[in-house]
file entry-v5.txt (compact mmCIF, C-alpha atoms and all ligand atoms)
# COMPACT_ATOMS: atom_id res chain seq x y z
CA MET A 24 80.20 90.09 124.57
CA ALA A 25 79.37 93.02 122.32
CA GLU A 26 81.95 93.84 119.69
CA ALA A 27 84.13 96.80 120.55
CA ASP A 28 83.00 100.03 118.93
CA PRO A 29 85.79 100.88 116.45
CA PHE A 30 85.00 104.56 116.85
CA ALA A 31 85.46 104.51 120.65
CA PRO A 32 89.12 105.64 120.68
CA ALA A 33 88.22 108.57 118.44
CA ALA A 34 85.32 109.61 120.66
CA ALA A 35 87.62 109.39 123.69
CA ALA A 36 89.95 111.80 121.87
CA GLY A 37 87.15 114.33 121.37
CA ILE A 38 86.47 113.40 117.76
CA HIS A 39 82.83 113.28 116.68
CA ARG A 40 81.35 112.20 113.41
CA LEU A 41 78.52 114.34 112.05
CA ARG A 42 76.58 112.61 109.29
CA ILE A 43 75.34 115.23 106.87
CA PRO A 44 72.81 114.41 104.13
CA THR A 45 73.70 114.99 100.47
CA PRO A 46 71.54 114.76 97.34
CA PHE A 47 74.10 112.43 95.76
CA ALA A 48 74.12 108.66 95.25
CA VAL A 49 76.90 108.31 97.82
CA GLY A 50 74.47 109.20 100.62
CA ARG A 51 75.62 111.05 103.73
CA VAL A 52 78.99 112.70 104.05
CA ASN A 53 81.04 112.48 107.23
CA VAL A 54 82.09 115.75 108.79
CA TYR A 55 84.35 115.46 111.83
CA LEU A 56 84.31 117.74 114.81
CA VAL A 57 87.56 117.80 116.77
CA GLU A 58 87.06 119.19 120.27
CA ASP A 59 90.34 120.94 120.84
CA GLU A 60 91.71 124.43 120.61
CA PRO A 61 91.00 125.69 118.07
CA LEU A 62 87.61 123.96 117.81
CA THR A 63 88.03 122.26 114.45
CA LEU A 64 85.74 120.93 111.77
CA ILE A 65 86.99 118.69 108.97
CA ASP A 66 84.91 119.27 105.82
CA SER A 67 81.43 120.75 105.76
CA GLY A 68 78.74 119.00 103.71
CA PRO A 69 77.03 120.29 100.57
CA ASN A 70 75.59 123.77 100.27
CA SER A 71 71.95 123.23 101.18
CA GLY A 72 69.52 124.32 103.87
CA THR A 73 68.85 120.73 104.91
CA SER A 74 72.54 119.99 105.31
CA LEU A 75 73.11 123.19 107.27
CA ASP A 76 70.18 122.43 109.58
CA GLN A 77 71.52 118.93 110.20
CA LEU A 78 75.01 120.20 110.88
CA GLU A 79 73.70 122.78 113.31
CA ARG A 80 71.53 120.24 115.11
CA GLN A 81 74.28 117.64 115.40
CA LEU A 82 76.71 120.28 116.70
CA ALA A 83 74.10 121.36 119.26
CA GLU A 84 73.74 117.77 120.48
CA LEU A 85 77.45 117.93 121.24
CA GLY A 86 77.06 121.26 123.02
CA HIS A 87 78.49 123.49 120.28
CA ARG A 88 77.23 126.16 117.93
CA ILE A 89 78.37 127.01 114.42
CA GLU A 90 79.54 130.34 115.85
CA ASP A 91 82.01 128.45 118.10
CA LEU A 92 83.99 126.95 115.20
CA GLU A 93 87.54 128.28 114.93
CA LEU A 94 89.17 126.21 112.20
CA ILE A 95 87.78 124.40 109.16
CA LEU A 96 90.04 121.93 107.35
CA VAL A 97 89.13 121.09 103.77
CA SER A 98 90.01 117.61 102.51
CA HIS A 99 89.45 117.98 98.75
CA GLN A 100 87.57 119.77 96.00
CA HIS A 101 84.31 117.80 95.82
CA ILE A 102 81.16 119.75 96.54
CA ASP A 103 79.75 117.41 99.17
CA HIS A 104 82.82 118.37 101.22
CA ILE A 105 83.28 122.09 100.46
CA GLY A 106 79.73 123.34 99.89
CA LEU A 107 79.03 124.79 103.35
CA VAL A 108 82.54 126.05 104.13
CA ASP A 109 81.76 129.65 103.21
CA ILE A 110 78.57 129.88 105.26
CA LEU A 111 80.22 128.26 108.29
CA ALA A 112 83.28 130.49 108.03
CA ARG A 113 81.18 133.64 107.73
CA ARG A 114 79.03 132.79 110.72
CA SER A 115 81.90 131.70 112.95
CA GLY A 116 84.87 133.70 111.71
CA ALA A 117 86.76 130.38 111.60
CA ASN A 118 89.97 130.08 109.67
CA VAL A 119 89.69 127.96 106.53
CA ALA A 120 92.74 125.80 105.82
CA ALA A 121 93.41 123.90 102.59
CA ILE A 122 96.44 122.47 100.84
CA ASP A 123 98.08 124.87 98.36
CA ARG A 124 96.80 123.14 95.20
CA LEU A 125 93.24 123.25 96.45
CA VAL A 126 93.19 127.01 97.08
CA PRO A 127 92.49 128.23 93.51
CA PHE A 128 89.67 125.69 93.18
CA VAL A 129 87.94 126.67 96.43
CA GLU A 130 88.40 130.41 95.91
CA GLY A 131 87.42 130.28 92.24
CA TYR A 132 84.79 127.59 92.51
CA ARG A 133 82.41 128.71 89.72
CA ASP A 134 85.11 129.12 87.08
CA ALA A 135 86.82 125.92 88.21
CA ALA A 136 83.57 123.96 87.92
CA THR A 137 82.88 125.39 84.46
CA ALA A 138 86.39 124.49 83.32
CA ASP A 139 85.89 120.97 84.74
CA ASP A 140 82.69 120.56 82.72
CA GLU A 141 84.43 121.64 79.53
CA PHE A 142 87.29 119.27 80.19
CA ALA A 143 84.87 116.40 80.90
CA ALA A 144 82.80 117.07 77.75
CA GLU A 145 85.87 117.07 75.52
CA LEU A 146 87.22 113.93 77.15
CA MET A 147 83.91 112.09 76.79
CA LEU A 148 83.63 112.92 73.09
CA ARG A 149 87.25 111.88 72.56
CA HIS A 150 86.58 108.51 74.18
CA GLY A 151 83.47 107.55 72.26
CA ILE A 152 80.50 108.88 74.25
CA SER A 153 77.78 110.29 71.99
CA PRO A 154 77.21 114.07 71.86
CA ASP A 155 73.63 113.81 73.19
CA VAL A 156 74.80 111.97 76.32
CA VAL A 157 77.58 114.53 76.77
CA GLN A 158 75.03 117.35 76.53
CA ALA A 159 72.70 115.65 79.00
CA LEU A 160 75.52 115.24 81.50
CA ARG A 161 76.46 118.90 81.15
CA THR A 162 72.93 119.85 82.14
CA VAL A 163 73.08 117.52 85.17
CA SER A 164 76.40 118.97 86.19
CA GLN A 165 75.20 122.55 85.86
CA ALA A 166 72.18 121.74 88.00
CA ALA A 167 74.49 120.30 90.67
CA ARG A 168 76.68 123.41 90.64
CA ALA A 169 74.73 125.13 93.42
CA TRP A 170 75.56 122.36 95.91
CA GLY A 171 79.07 123.79 95.97
CA ALA A 172 80.19 127.33 96.78
CA ARG A 173 83.37 129.34 96.81
CA ALA A 174 85.11 130.18 100.05
CA ASP A 175 88.14 132.20 101.11
CA VAL A 176 91.08 130.14 102.30
CA THR A 177 92.80 131.92 105.17
CA ARG A 178 95.52 129.37 105.82
CA VAL A 179 97.44 127.65 103.02
CA LEU A 180 98.77 124.21 103.97
CA ARG A 181 101.78 122.42 102.50
CA ASP A 182 102.33 118.70 102.16
CA GLY A 183 104.11 117.44 105.30
CA GLU A 184 103.29 120.48 107.42
CA GLU A 185 101.99 120.08 110.95
CA ILE A 186 98.89 121.76 112.32
CA GLU A 187 99.27 122.32 116.04
CA LEU A 188 96.18 122.15 118.20
CA ARG A 189 96.30 122.39 121.99
CA ASP A 190 96.03 118.63 122.56
CA ARG A 191 97.20 117.16 119.28
CA THR A 192 99.20 117.59 116.11
CA LEU A 193 97.77 116.87 112.68
CA ARG A 194 100.24 116.26 109.91
CA VAL A 195 99.11 117.23 106.42
CA ALA A 196 99.71 114.60 103.72
CA PHE A 197 98.92 115.10 100.03
CA ARG A 198 97.24 112.01 98.52
CA PRO A 199 95.99 112.82 94.99
CA GLY A 200 94.02 110.28 92.95
CA HIS A 201 90.36 110.29 93.93
CA SER A 202 90.65 113.99 93.09
CA PRO A 203 93.79 116.01 92.28
CA THR A 204 93.65 117.71 95.69
CA ASP A 205 93.02 114.93 98.22
CA THR A 206 94.57 115.70 101.56
CA VAL A 207 94.65 113.49 104.64
CA PHE A 208 95.31 114.61 108.22
CA HIS A 209 97.34 112.30 110.43
CA ASP A 210 97.35 112.26 114.21
CA ALA A 211 100.46 110.09 114.70
CA GLU A 212 100.24 110.05 118.49
CA ARG A 213 96.70 108.65 118.49
CA ARG A 214 97.29 106.60 115.33
CA VAL A 215 94.25 108.15 113.71
CA LEU A 216 93.98 109.24 110.08
CA PHE A 217 91.31 111.56 108.70
CA ALA A 218 91.25 110.22 105.15
CA ALA A 219 88.12 111.75 103.58
CA ASP A 220 87.45 109.99 100.25
CA HIS A 221 91.01 108.75 99.79
CA LEU A 222 89.99 105.47 101.42
CA LEU A 223 86.41 104.29 101.96
CA ALA A 224 85.35 101.02 103.57
CA GLU A 225 82.29 100.15 101.50
CA ILE A 226 83.12 101.46 98.03
CA SER A 227 86.32 101.84 96.06
CA SER A 228 87.08 105.54 95.68
CA ASN A 229 86.52 106.46 92.04
CA PRO A 230 89.67 108.04 90.71
CA LEU A 231 87.73 110.55 88.63
CA LEU A 232 89.44 111.93 85.56
CA THR A 233 89.97 115.58 86.27
CA ARG A 234 91.27 118.65 84.55
CA PRO A 235 94.94 119.27 85.34
CA LEU A 236 94.96 122.13 87.85
CA ASP A 237 98.35 123.37 86.66
CA GLY A 238 97.31 123.42 83.00
CA GLY A 239 99.69 120.58 82.08
CA GLU A 240 98.82 117.05 81.01
CA ARG A 241 95.75 115.23 82.30
CA PRO A 242 96.60 113.54 85.62
CA ARG A 243 96.78 109.73 85.38
CA ALA A 244 94.22 109.56 88.16
CA LEU A 245 94.32 105.85 88.92
CA ILE A 246 98.11 105.62 88.69
CA ASP A 247 98.35 108.60 91.07
CA TYR A 248 95.74 107.02 93.30
CA LEU A 249 97.52 103.66 93.60
CA HIS A 250 100.74 105.48 94.44
CA SER A 251 98.92 107.51 97.10
CA LEU A 252 97.42 104.31 98.53
CA SER A 253 100.86 102.74 98.79
CA LEU A 254 102.02 105.76 100.85
CA THR A 255 99.01 105.43 103.13
CA ARG A 256 99.59 101.70 103.45
CA GLU A 257 102.96 102.47 105.06
CA MET A 258 101.37 104.65 107.73
CA ASP A 259 101.02 103.20 111.22
CA VAL A 260 97.41 103.89 112.05
CA ASP A 261 94.76 101.98 113.98
CA LEU A 262 91.77 103.97 112.82
CA VAL A 263 91.00 105.59 109.49
CA LEU A 264 88.09 108.03 109.51
CA PRO A 265 86.67 108.25 105.99
CA GLY A 266 84.53 110.86 104.24
CA HIS A 267 81.61 108.45 103.80
CA GLY A 268 80.53 105.36 105.73
CA ASP A 269 82.10 103.62 108.68
CA PRO A 270 85.57 103.85 110.21
CA ILE A 271 88.29 101.52 108.94
CA THR A 272 90.34 99.52 111.43
CA ASN A 273 92.56 97.53 109.12
CA HIS A 274 93.66 99.87 106.39
CA ARG A 275 96.41 97.58 105.06
CA ASP A 276 94.01 94.71 104.31
CA LEU A 277 91.58 97.12 102.69
CA ILE A 278 94.29 98.73 100.56
CA ASP A 279 95.55 95.29 99.50
CA ARG A 280 92.00 94.42 98.42
CA ARG A 281 91.87 97.65 96.40
CA PHE A 282 95.20 96.83 94.74
CA ALA A 283 93.90 93.35 93.81
CA LEU A 284 90.63 94.78 92.46
CA HIS A 285 92.43 97.21 90.16
CA ARG A 286 94.90 94.55 89.00
CA ARG A 287 92.02 92.20 88.11
CA ARG A 288 90.15 94.96 86.34
CA ALA A 289 93.22 96.03 84.34
CA ASP A 290 93.75 92.42 83.25
CA LYS A 291 90.10 92.07 82.28
CA ILE A 292 90.27 95.24 80.20
CA HIS A 293 93.49 94.01 78.63
CA ALA A 294 91.74 90.77 77.63
CA LEU A 295 88.90 92.75 76.02
CA ILE A 296 91.38 94.85 74.06
CA MET A 297 93.20 91.67 72.97
CA GLU A 298 89.92 90.47 71.39
CA ARG A 299 89.70 93.67 69.35
CA SER A 300 90.57 97.32 69.67
CA ARG A 301 87.85 99.43 71.32
CA SER A 302 87.16 102.91 72.61
CA ALA A 303 87.01 103.48 76.36
CA HIS A 304 83.23 103.80 76.15
CA GLU A 305 82.95 100.47 74.31
CA LEU A 306 85.12 98.91 77.01
CA ALA A 307 82.79 100.31 79.67
CA GLN A 308 79.80 98.80 77.85
CA ALA A 309 81.56 95.45 77.53
CA LEU A 310 82.21 95.49 81.29
CA TRP A 311 78.93 96.86 82.61
CA GLY A 312 76.38 96.54 79.78
CA ASP A 313 74.04 99.44 79.07
CA ILE A 314 75.27 102.31 81.15
CA ALA A 315 72.88 104.85 82.66
CA VAL A 316 73.56 108.34 81.35
CA SER A 317 74.32 109.53 84.87
CA GLN A 318 77.05 106.88 85.16
CA ALA A 319 78.75 107.54 81.82
CA TYR A 320 81.55 109.73 83.18
CA LEU A 321 82.21 107.56 86.22
CA THR A 322 82.54 104.41 84.16
CA LEU A 323 84.67 106.18 81.57
CA SER A 324 86.99 107.38 84.35
CA GLU A 325 87.18 103.86 85.69
CA VAL A 326 88.10 102.40 82.29
CA ILE A 327 90.64 105.07 81.35
CA GLY A 328 92.25 104.77 84.78
CA HIS A 329 93.03 101.17 83.89
CA THR A 330 94.01 101.76 80.26
CA ASP A 331 96.46 104.38 81.60
CA ILE A 332 98.05 101.55 83.60
CA LEU A 333 98.11 99.24 80.56
CA VAL A 334 99.64 102.00 78.41
CA SER A 335 102.28 102.71 81.07
CA GLU A 336 103.11 98.99 81.12
CA GLY A 337 103.45 98.95 77.32
CA ARG A 338 100.66 96.36 76.89
CA VAL A 339 98.23 98.67 75.15
CA ARG A 340 98.47 101.78 72.98
CA GLU A 341 96.17 104.62 72.01
CA VAL A 342 95.22 105.04 68.36
CA GLU A 343 93.31 108.14 67.35
CA GLU A 344 90.91 108.12 64.43
CA ASN A 345 88.53 110.98 63.53
CA GLY A 346 89.03 112.48 66.96
CA VAL A 347 88.10 109.29 68.82
CA VAL A 348 90.64 107.25 70.76
CA ARG A 349 90.70 103.48 70.54
CA TYR A 350 92.92 101.18 72.54
CA GLU A 351 94.73 98.39 70.78
CA ALA A 352 96.90 95.62 72.15
CA VAL A 353 100.65 95.78 71.73
CA PRO A 354 101.77 92.32 70.50
CA GLU A 355 103.78 90.42 73.15
CA ARG A 356 106.87 90.29 70.93
CA GLU A 357 107.01 94.08 70.74
CA THR A 358 106.59 94.35 74.50
CA THR A 359 109.46 92.00 75.23
CA GLU A 360 111.66 93.68 72.61
CA GLY A 361 110.72 96.99 74.18
CA THR A 362 111.86 95.89 77.61
CA ALA A 363 114.93 93.94 76.49
ZN ZN B 1 85.12 113.13 96.91
call {"tool": "encode", "arguments": {"input": "entry-v5.txt", "output": "structure tokens", "more": "lines below"}}
Ligand SMILES: [Zn+2]
result
Amino acid sequence: MAEADPFAPAAAAGIHRLRIPTPFAVGRVNVYLVEDEPLTLIDSGPNSGTSLDQLERQLAELGHRIEDLELILVSHQHIDHIGLVDILARRSGANVAAIDRLVPFVEGYRDAATADDEFAAELMLRHGISPDVVQALRTVSQAARAWGARADVTRVLRDGEEIELRDRTLRVAFRPGHSPTDTVFHDAERRVLFAADHLLAEISSNPLLTRPLDGGERPRALIDYLHSLSLTREMDVDLVLPGHGDPITNHRDLIDRRFALHRRRADKIHALIMERSRSAHELAQALWGDIAVSQAYLTLSEVIGHTDILVSEGRVREVEENGVVRYEAVPERETTEGTA
């Protein structure tokens, strides 16, 4: 007997996955069409002619045109998800809905992306990445800028709010971590969750270090992410529809595997710091060897996510010297005194 198609209940509920190409290592991005009133699209794909052609063709196969779209929901700030929103909204007149914190980013995309690059450059220098690598990454990032685009948000969503469609209700839930604006949409009646990049089956969602959108302290991306995962773990859902790759049918097992992965990685990083104090970049090299320039920020984010955990647990502390941060172990005795 053939294995049941995990996507079948979604298809029966008028949900279709459009697989839109991107120029990024992650491969295609999932855009979901929800056949309801209003006719709804969740995310859009990157801003490129190829992606737009693909979207148009895949919509046509389902009997729809771009001009028919009435509502576009935006899951988070990454360009493979927001890039085509403006073009689609202009052609269709669809409403564009995004959670409150995401609005300034989407509406002020160019300035937001520039500010992100500045934040990233400063952070990389502070954590031991050499200036020439930082400069190279800036160039890469500027070249990628055009895959995103600004868009007007016509409906501002709040955490916990419900979006009423004719045949279903989608509850908005804020789940920061992978980015500071991750939003998931929950159809409680059908036990379906549109999770975008908050939870992916094949790869652990990088909690990228990101500029604080409110101008305050840098978000502790991984700590926020693990908290968000614990909230999602509590949700009663049968099917999670992610932003990349295949649907997820057992989200609790997957989340438990993610928790275990991050615990192991934090302990491994702690052991490296126990050997001797190191910068985040040196830790990344110790873990993954010579790191490709294109991966420098990702791996740095991954390491600092875990040192944030170790700092919060009082096992490690930051020491700054000549503008570069090193992590050093807090002796056990001090930790126990600290918690006594
Ligand atoms: Zn993303």
call {"tool": "residues_near_ligand", "arguments": {"input": "entry-v5.txt", "ligand": "ligand ZN 1 (chain B)", "cutoff": "10 Å", "atoms": "all atoms listed in the file", "output": "ChimeraX atom specification"}}
result
/A:49,52,98-105,201-202,204-205,219-221,228-231,266-267
call {"tool": "atom_distance", "arguments": {"input": "entry-v5.txt", "atom1": "CA of Leu64 in chain A", "atom2": "CA of Leu96 in chain A"}}
result
6.2 Å
call {"tool": "residues_around", "arguments": {"input": "entry-v5.txt", "residues": "Pro203 in chain A", "least_positions_apart": "5", "cutoff": "10 Å", "atoms": "only C-alpha atoms", "output": "mmCIF file with C-alpha atoms, in the frame of the given file"}}
result
data_model
loop_
_atom_site.group_PDB
_atom_site.id
_atom_site.type_symbol
_atom_site.label_atom_id
_atom_site.label_comp_id
_atom_site.auth_asym_id
_atom_site.auth_seq_id
_atom_site.Cartn_x
_atom_site.Cartn_y
_atom_site.Cartn_z
ATOM 1 C CA HIS A 99 89.450 117.980 98.750
ATOM 2 C CA GLN A 100 87.570 119.770 96.000
ATOM 3 C CA ARG A 124 96.800 123.140 95.200
ATOM 4 C CA LEU A 125 93.240 123.250 96.450
ATOM 5 C CA PHE A 197 98.920 115.100 100.030
ATOM 6 C CA ARG A 198 97.240 112.010 98.520
ATOM 7 C CA PRO A 230 89.670 108.040 90.710
ATOM 8 C CA LEU A 231 87.730 110.550 88.630
ATOM 9 C CA LEU A 232 89.440 111.930 85.560
ATOM 10 C CA THR A 233 89.970 115.580 86.270
ATOM 11 C CA ARG A 234 91.270 118.650 84.550
ATOM 12 C CA PRO A 235 94.940 119.270 85.340
ATOM 13 C CA LEU A 236 94.960 122.130 87.850
ATOM 14 C CA PRO A 242 96.600 113.540 85.620
ATOM 15 C CA ARG A 243 96.780 109.730 85.380
ATOM 16 C CA ALA A 244 94.220 109.560 88.160
ATOM 17 C CA ASP A 247 98.350 108.600 91.070
ATOM 18 C CA TYR A 248 95.740 107.020 93.300
#
call {"tool": "atom_distance", "arguments": {"input": "entry-v5.txt", "atom1": "CA of Asp313 in chain A", "atom2": "CA of Ala136 in chain A"}}
result
27.8 Å
call {"tool": "residues_around", "arguments": {"input": "entry-v5.txt", "residues": "range 70-84 of chain A", "least_positions_apart": "6", "cutoff": "8 Å", "atoms": "all atoms listed in the file", "output": "NGL selection string"}}
result
:A and (41-45 or 102-103 or 105-107 or 169-172)
call {"tool": "closest_residue", "arguments": {"input": "entry-v5.txt", "among": "A:Asp261, A:Glu351, A:Asp290, A:Asp331", "to": "Pro32 in chain A", "atoms": "only C-alpha atoms"}}
result
A:Asp261
call {"tool": "closest_atom_pairs", "arguments": {"input": "entry-v5.txt", "of": "range 31-97 of chain A", "to": "range 177-181 of chain A", "cutoff": "12 Å", "atoms": "only C-alpha atoms", "output": "JSON lines"}}
result
{"residue": "A:Glu93", "atom": "CA", "partner": "A:Thr177", "partner_atom": "CA", "distance": 11.7}
{"residue": "A:Leu94", "atom": "CA", "partner": "A:Arg178", "partner_atom": "CA", "distance": 9.5}
{"residue": "A:Ile95", "atom": "CA", "partner": "A:Arg178", "partner_atom": "CA", "distance": 9.8}
{"residue": "A:Leu96", "atom": "CA", "partner": "A:Arg178", "partner_atom": "CA", "distance": 9.4}
{"residue": "A:Val97", "atom": "CA", "partner": "A:Leu180", "partner_atom": "CA", "distance": 10.1}
call {"tool": "atom_distance", "arguments": {"input": "entry-v5.txt", "atom1": "CA of Ile327 in chain A", "atom2": "CA of Ala283 in chain A"}}
result
17.4 Å
call {"tool": "closest_residue", "arguments": {"input": "entry-v5.txt", "among": "A:Leu295, A:Ala138, A:Ala309, A:Ile122", "to": "Glu184 in chain A", "atoms": "only C-alpha atoms"}}
result
A:Ile122
call {"tool": "decode", "arguments": {"input": "entry-v5.txt", "residues": "range 327-342 of chain A", "atoms": "N, CA, C and O atoms", "output": "CSV table (one decimal), in the first residue's frame"}}
result
chain,number,residue,atom,x,y,z
A,327,ILE,N,27.2,32.4,18.2
A,327,ILE,CA,26.8,33.4,19.2
A,327,ILE,C,25.4,33.1,19.7
A,327,ILE,O,25.1,33.3,20.9
A,328,GLY,N,24.5,32.5,18.9
A,328,GLY,CA,23.3,32.0,19.5
A,328,GLY,C,23.5,31.1,20.7
A,328,GLY,O,22.9,31.2,21.7
A,329,HIS,N,24.5,30.2,20.6
A,329,HIS,CA,24.8,29.3,21.7
A,329,HIS,C,25.6,29.9,22.8
A,329,HIS,O,25.4,29.6,24.0
A,330,THR,N,26.5,30.8,22.5
A,330,THR,CA,27.2,31.5,23.6
A,330,THR,C,26.2,32.4,24.4
A,330,THR,O,26.4,32.5,25.6
A,331,ASP,N,25.2,32.9,23.7
A,331,ASP,CA,24.2,33.7,24.4
A,331,ASP,C,23.5,32.8,25.5
A,331,ASP,O,23.3,33.2,26.6
A,332,ILE,N,23.3,31.5,25.1
A,332,ILE,CA,22.7,30.6,26.1
A,332,ILE,C,23.7,30.4,27.2
A,332,ILE,O,23.3,30.4,28.4
A,333,LEU,N,24.9,30.1,26.9
A,333,LEU,CA,25.9,29.8,27.9
A,333,LEU,C,26.1,31.0,28.8
A,333,LEU,O,26.3,30.9,30.1
A,334,VAL,N,26.1,32.2,28.3
A,334,VAL,CA,26.2,33.5,29.1
A,334,VAL,C,25.0,33.5,30.0
A,334,VAL,O,25.1,33.8,31.2
A,335,SER,N,23.8,33.3,29.5
A,335,SER,CA,22.6,33.4,30.3
A,335,SER,C,22.6,32.3,31.4
A,335,SER,O,21.9,32.6,32.4
A,336,GLU,N,23.2,31.2,31.2
A,336,GLU,CA,23.3,30.2,32.2
A,336,GLU,C,24.5,30.5,33.2
A,336,GLU,O,24.7,29.7,34.1
A,337,GLY,N,25.2,31.5,32.9
A,337,GLY,CA,26.4,31.8,33.8
A,337,GLY,C,27.6,30.9,33.7
A,337,GLY,O,28.4,30.9,34.5
A,338,ARG,N,27.7,30.2,32.6
A,338,ARG,CA,28.8,29.2,32.4
A,338,ARG,C,29.9,29.9,31.6
A,338,ARG,O,31.0,29.4,31.6
A,339,VAL,N,29.6,31.0,30.9
A,339,VAL,CA,30.6,31.6,30.1
A,339,VAL,C,30.4,33.1,30.2
A,339,VAL,O,29.3,33.6,30.5
A,340,ARG,N,31.5,33.9,30.0
A,340,ARG,CA,31.3,35.4,30.0
A,340,ARG,C,32.1,36.0,28.8
A,340,ARG,O,33.0,35.4,28.3
A,341,GLU,N,31.6,37.2,28.5
A,341,GLU,CA,32.3,37.9,27.4
A,341,GLU,C,33.4,38.8,27.9
A,341,GLU,O,33.2,39.5,28.9
A,342,VAL,N,34.5,38.8,27.3
A,342,VAL,CA,35.6,39.7,27.7
A,342,VAL,C,36.0,40.5,26.4
A,342,VAL,O,36.2,39.9,25.4
